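Let me begin by presenting the structure, written as structure tokens, before commenting on it.
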Amino acid sequence: MDGLRAARHLRGEIWEVRATGENRIYRVLFAAEGRFGQVLLSLETFAKKSQKTPPGKVALAERRLREWRARGVAGGRES
């Protein structure tokens, strides 16, 4: 995923980007969706409290991605 240089790969299809707010740093967990991966599907957002992304947040993002695809909304990844 060449276009995701600002993001950090966490696990599987889950990526993370950090956003700085007025008084906090936030993390957004997302996956690339759509026929050519042109849609960034936000799966979980939370305020950063530690150096590492909590494993439970990554698991939640993975579950939401599976549920999204199971509903047929995204139709899965197509190459």
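Identifiers for the structure tokens are assigned positionally: chains receive A, B, ... in sequence, residues are indexed from 1 per chain, and ligands are indexed from 1 in the order shown.
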Skipping near chain neighbours, those fewer than 6 positions away, what residues fall within 9 Å of region 49-53 of chain A using only C-alpha atoms, listed as a PyMOL selection string? chain A and resi 10+16+24-27
Set out as a tab-separated table a contact list for region 18-57 of chain A and region 63-67 of chain A with a cut-off of 12 Å, giving each residue of region 18-57 of chain A that qualifies its closest atom pair and distance in Å to one decimal, counting only C-alpha atoms, ordered by chain and rising residue number.
residue	atom	partner	partner_atom	distance
A:Leu29	CA	A:Leu65	CA	10.6
A:Phe30	CA	A:Leu65	CA	8.7
A:Ala31	CA	A:Leu65	CA	7.6
A:Ala32	CA	A:Leu65	CA	10.1
A:Glu33	CA	A:Leu65	CA	9.6
A:Leu40	CA	A:Leu65	CA	11.4
A:Leu41	CA	A:Leu65	CA	8.4
A:Ser42	CA	A:Leu65	CA	9.3
A:Leu43	CA	A:Arg64	CA	6.3
A:Glu44	CA	A:Arg64	CA	8.6
A:Gly56	CA	A:Arg63	CA	10.4
A:Lys57	CA	A:Arg63	CA	9.8
Residues of the last selection are to be written out with N, CA and C atoms, as a PDB file, in the first residue's frame.
ATOM      1  N   LEU A  29      -7.949   3.559  13.691  1.00  0.00           N
ATOM      2  CA  LEU A  29      -7.645   2.268  13.086  1.00  0.00           C
ATOM      3  C   LEU A  29      -8.555   2.114  11.875  1.00  0.00           C
ATOM      4  N   PHE A  30      -7.985   1.700  10.761  1.00  0.00           N
ATOM      5  CA  PHE A  30      -8.757   1.631   9.526  1.00  0.00           C
ATOM      6  C   PHE A  30      -8.259   0.503   8.637  1.00  0.00           C
ATOM      7  N   ALA A  31      -9.041   0.228   7.595  1.00  0.00           N
ATOM      8  CA  ALA A  31      -8.663  -0.735   6.558  1.00  0.00           C
ATOM      9  C   ALA A  31      -8.989  -0.113   5.206  1.00  0.00           C
ATOM     10  N   ALA A  32      -8.218  -0.475   4.192  1.00  0.00           N
ATOM     11  CA  ALA A  32      -8.487  -0.011   2.831  1.00  0.00           C
ATOM     12  C   ALA A  32      -9.541  -0.928   2.226  1.00  0.00           C
ATOM     13  N   GLU A  33     -10.590  -0.349   1.700  1.00  0.00           N
ATOM     14  CA  GLU A  33     -11.701  -1.105   1.116  1.00  0.00           C
ATOM     15  C   GLU A  33     -11.973  -0.599  -0.291  1.00  0.00           C
ATOM     16  N   LEU A  40     -10.919   4.396   2.688  1.00  0.00           N
ATOM     17  CA  LEU A  40     -10.345   4.091   3.993  1.00  0.00           C
ATOM     18  C   LEU A  40     -11.495   3.998   4.985  1.00  0.00           C
ATOM     19  N   LEU A  41     -11.763   2.788   5.435  1.00  0.00           N
ATOM     20  CA  LEU A  41     -12.883   2.512   6.327  1.00  0.00           C
ATOM     21  C   LEU A  41     -12.412   2.633   7.773  1.00  0.00           C
ATOM     22  N   SER A  42     -12.865   3.670   8.463  1.00  0.00           N
ATOM     23  CA  SER A  42     -12.504   3.868   9.867  1.00  0.00           C
ATOM     24  C   SER A  42     -13.236   2.832  10.715  1.00  0.00           C
ATOM     25  N   LEU A  43     -12.484   2.100  11.529  1.00  0.00           N
ATOM     26  CA  LEU A  43     -13.048   1.004  12.317  1.00  0.00           C
ATOM     27  C   LEU A  43     -13.058   1.290  13.817  1.00  0.00           C
ATOM     28  N   GLU A  44     -12.148   2.129  14.282  1.00  0.00           N
ATOM     29  CA  GLU A  44     -12.081   2.458  15.704  1.00  0.00           C
ATOM     30  C   GLU A  44     -11.243   3.720  15.873  1.00  0.00           C
ATOM     31  N   GLY A  56      -6.806  -5.060  22.436  1.00  0.00           N
ATOM     32  CA  GLY A  56      -8.261  -5.136  22.381  1.00  0.00           C
ATOM     33  C   GLY A  56      -8.841  -4.198  21.331  1.00  0.00           C
ATOM     34  N   LYS A  57      -8.203  -3.057  21.118  1.00  0.00           N
ATOM     35  CA  LYS A  57      -8.665  -2.103  20.105  1.00  0.00           C
ATOM     36  C   LYS A  57      -8.426  -2.666  18.698  1.00  0.00           C
TER      37      LYS A  57
END
Expressed in Å to a single decimal, how great is the separation between CA of Arg71 (chain A) and CA of Pro55 (chain A)?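 We find that CA of Arg71 (chain A) and CA of Pro55 (chain A) lie 24.6 Å from each other.
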Picked from chain A by DSSP as alpha helix (DSSP H), as a list in words: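 Those in chain A that DSSP calls alpha helix (DSSP H) are Pro55, Gly56, Lys57, Val58, Ala59, Leu60, Ala61, Glu62, Arg63, Arg64, Leu65, Arg66, Glu67, Trp68, Arg69 and Ala70 of chain A.
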DSSP on the backbone, strand (DSSP E) only: what residues of region 19-64 of chain A does that give? Format it as a VMD selection string. chain A and resid 19 to 20 25 to 33 39 to 47
Take the residues just selected and output them with N, CA and C atoms as an mmCIF file, in the first residue's frame.
data_model
loop_
_atom_site.group_PDB
_atom_site.id
_atom_site.type_symbol
_atom_site.label_atom_id
_atom_site.label_comp_id
_atom_site.auth_asym_id
_atom_site.auth_seq_id
_atom_site.Cartn_x
_atom_site.Cartn_y
_atom_site.Cartn_z
ATOM 1 N N ALA A 19 -3.618 11.322 14.880
ATOM 2 C CA ALA A 19 -4.073 12.697 14.627
ATOM 3 C C ALA A 19 -3.919 13.486 15.914
ATOM 4 N N THR A 20 -3.376 14.675 15.809
ATOM 5 C CA THR A 20 -3.173 15.515 16.979
ATOM 6 C C THR A 20 -4.333 16.480 17.115
ATOM 7 N N ILE A 25 -3.760 13.345 21.597
ATOM 8 C CA ILE A 25 -3.400 12.642 20.376
ATOM 9 C C ILE A 25 -4.393 11.502 20.211
ATOM 10 N N TYR A 26 -4.930 11.370 19.022
ATOM 11 C CA TYR A 26 -5.904 10.327 18.737
ATOM 12 C C TYR A 26 -5.310 9.307 17.785
ATOM 13 N N ARG A 27 -5.832 8.112 17.848
ATOM 14 C CA ARG A 27 -5.463 7.059 16.910
ATOM 15 C C ARG A 27 -6.718 6.628 16.167
ATOM 16 N N VAL A 28 -6.577 6.435 14.884
ATOM 17 C CA VAL A 28 -7.672 5.944 14.050
ATOM 18 C C VAL A 28 -7.199 4.637 13.433
ATOM 19 N N LEU A 29 -7.949 3.559 13.691
ATOM 20 C CA LEU A 29 -7.645 2.268 13.086
ATOM 21 C C LEU A 29 -8.555 2.114 11.875
ATOM 22 N N PHE A 30 -7.985 1.700 10.761
ATOM 23 C CA PHE A 30 -8.757 1.631 9.526
ATOM 24 C C PHE A 30 -8.259 0.503 8.637
ATOM 25 N N ALA A 31 -9.041 0.228 7.595
ATOM 26 C CA ALA A 31 -8.663 -0.735 6.558
ATOM 27 C C ALA A 31 -8.989 -0.113 5.206
ATOM 28 N N ALA A 32 -8.218 -0.475 4.192
ATOM 29 C CA ALA A 32 -8.487 -0.011 2.831
ATOM 30 C C ALA A 32 -9.541 -0.928 2.226
ATOM 31 N N GLU A 33 -10.590 -0.349 1.700
ATOM 32 C CA GLU A 33 -11.701 -1.105 1.116
ATOM 33 C C GLU A 33 -11.973 -0.599 -0.291
ATOM 34 N N VAL A 39 -10.990 3.390 -0.629
ATOM 35 C CA VAL A 39 -11.807 3.843 0.501
ATOM 36 C C VAL A 39 -11.104 3.443 1.794
ATOM 37 N N LEU A 40 -10.919 4.396 2.688
ATOM 38 C CA LEU A 40 -10.345 4.091 3.993
ATOM 39 C C LEU A 40 -11.495 3.998 4.985
ATOM 40 N N LEU A 41 -11.763 2.788 5.435
ATOM 41 C CA LEU A 41 -12.883 2.512 6.327
ATOM 42 C C LEU A 41 -12.412 2.633 7.773
ATOM 43 N N SER A 42 -12.865 3.670 8.463
ATOM 44 C CA SER A 42 -12.504 3.868 9.867
ATOM 45 C C SER A 42 -13.236 2.832 10.715
ATOM 46 N N LEU A 43 -12.484 2.100 11.529
ATOM 47 C CA LEU A 43 -13.048 1.004 12.317
ATOM 48 C C LEU A 43 -13.058 1.290 13.817
ATOM 49 N N GLU A 44 -12.148 2.129 14.282
ATOM 50 C CA GLU A 44 -12.081 2.458 15.704
ATOM 51 C C GLU A 44 -11.243 3.720 15.873
ATOM 52 N N THR A 45 -11.675 4.603 16.741
ATOM 53 C CA THR A 45 -10.941 5.825 17.053
ATOM 54 C C THR A 45 -10.913 5.991 18.557
ATOM 55 N N PHE A 46 -9.759 6.368 19.090
ATOM 56 C CA PHE A 46 -9.650 6.537 20.534
ATOM 57 C C PHE A 46 -8.498 7.474 20.864
ATOM 58 N N ALA A 47 -8.532 8.028 22.067
ATOM 59 C CA ALA A 47 -7.469 8.918 22.526
ATOM 60 C C ALA A 47 -6.263 8.073 22.912
#
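Taking CA of Phe36 (chain A) as the reference point, CA of Trp68 (chain A) is found at 17.1 Å.
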Select, from A:Gly72, A:Gln38, A:Val17, A:Arg11, the residue with the minimum atom-to-atom distance to Val58 (chain A), counting only C-alpha atoms.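 Checking each candidate against Val58 (chain A), we get A:Arg11 as the closest.
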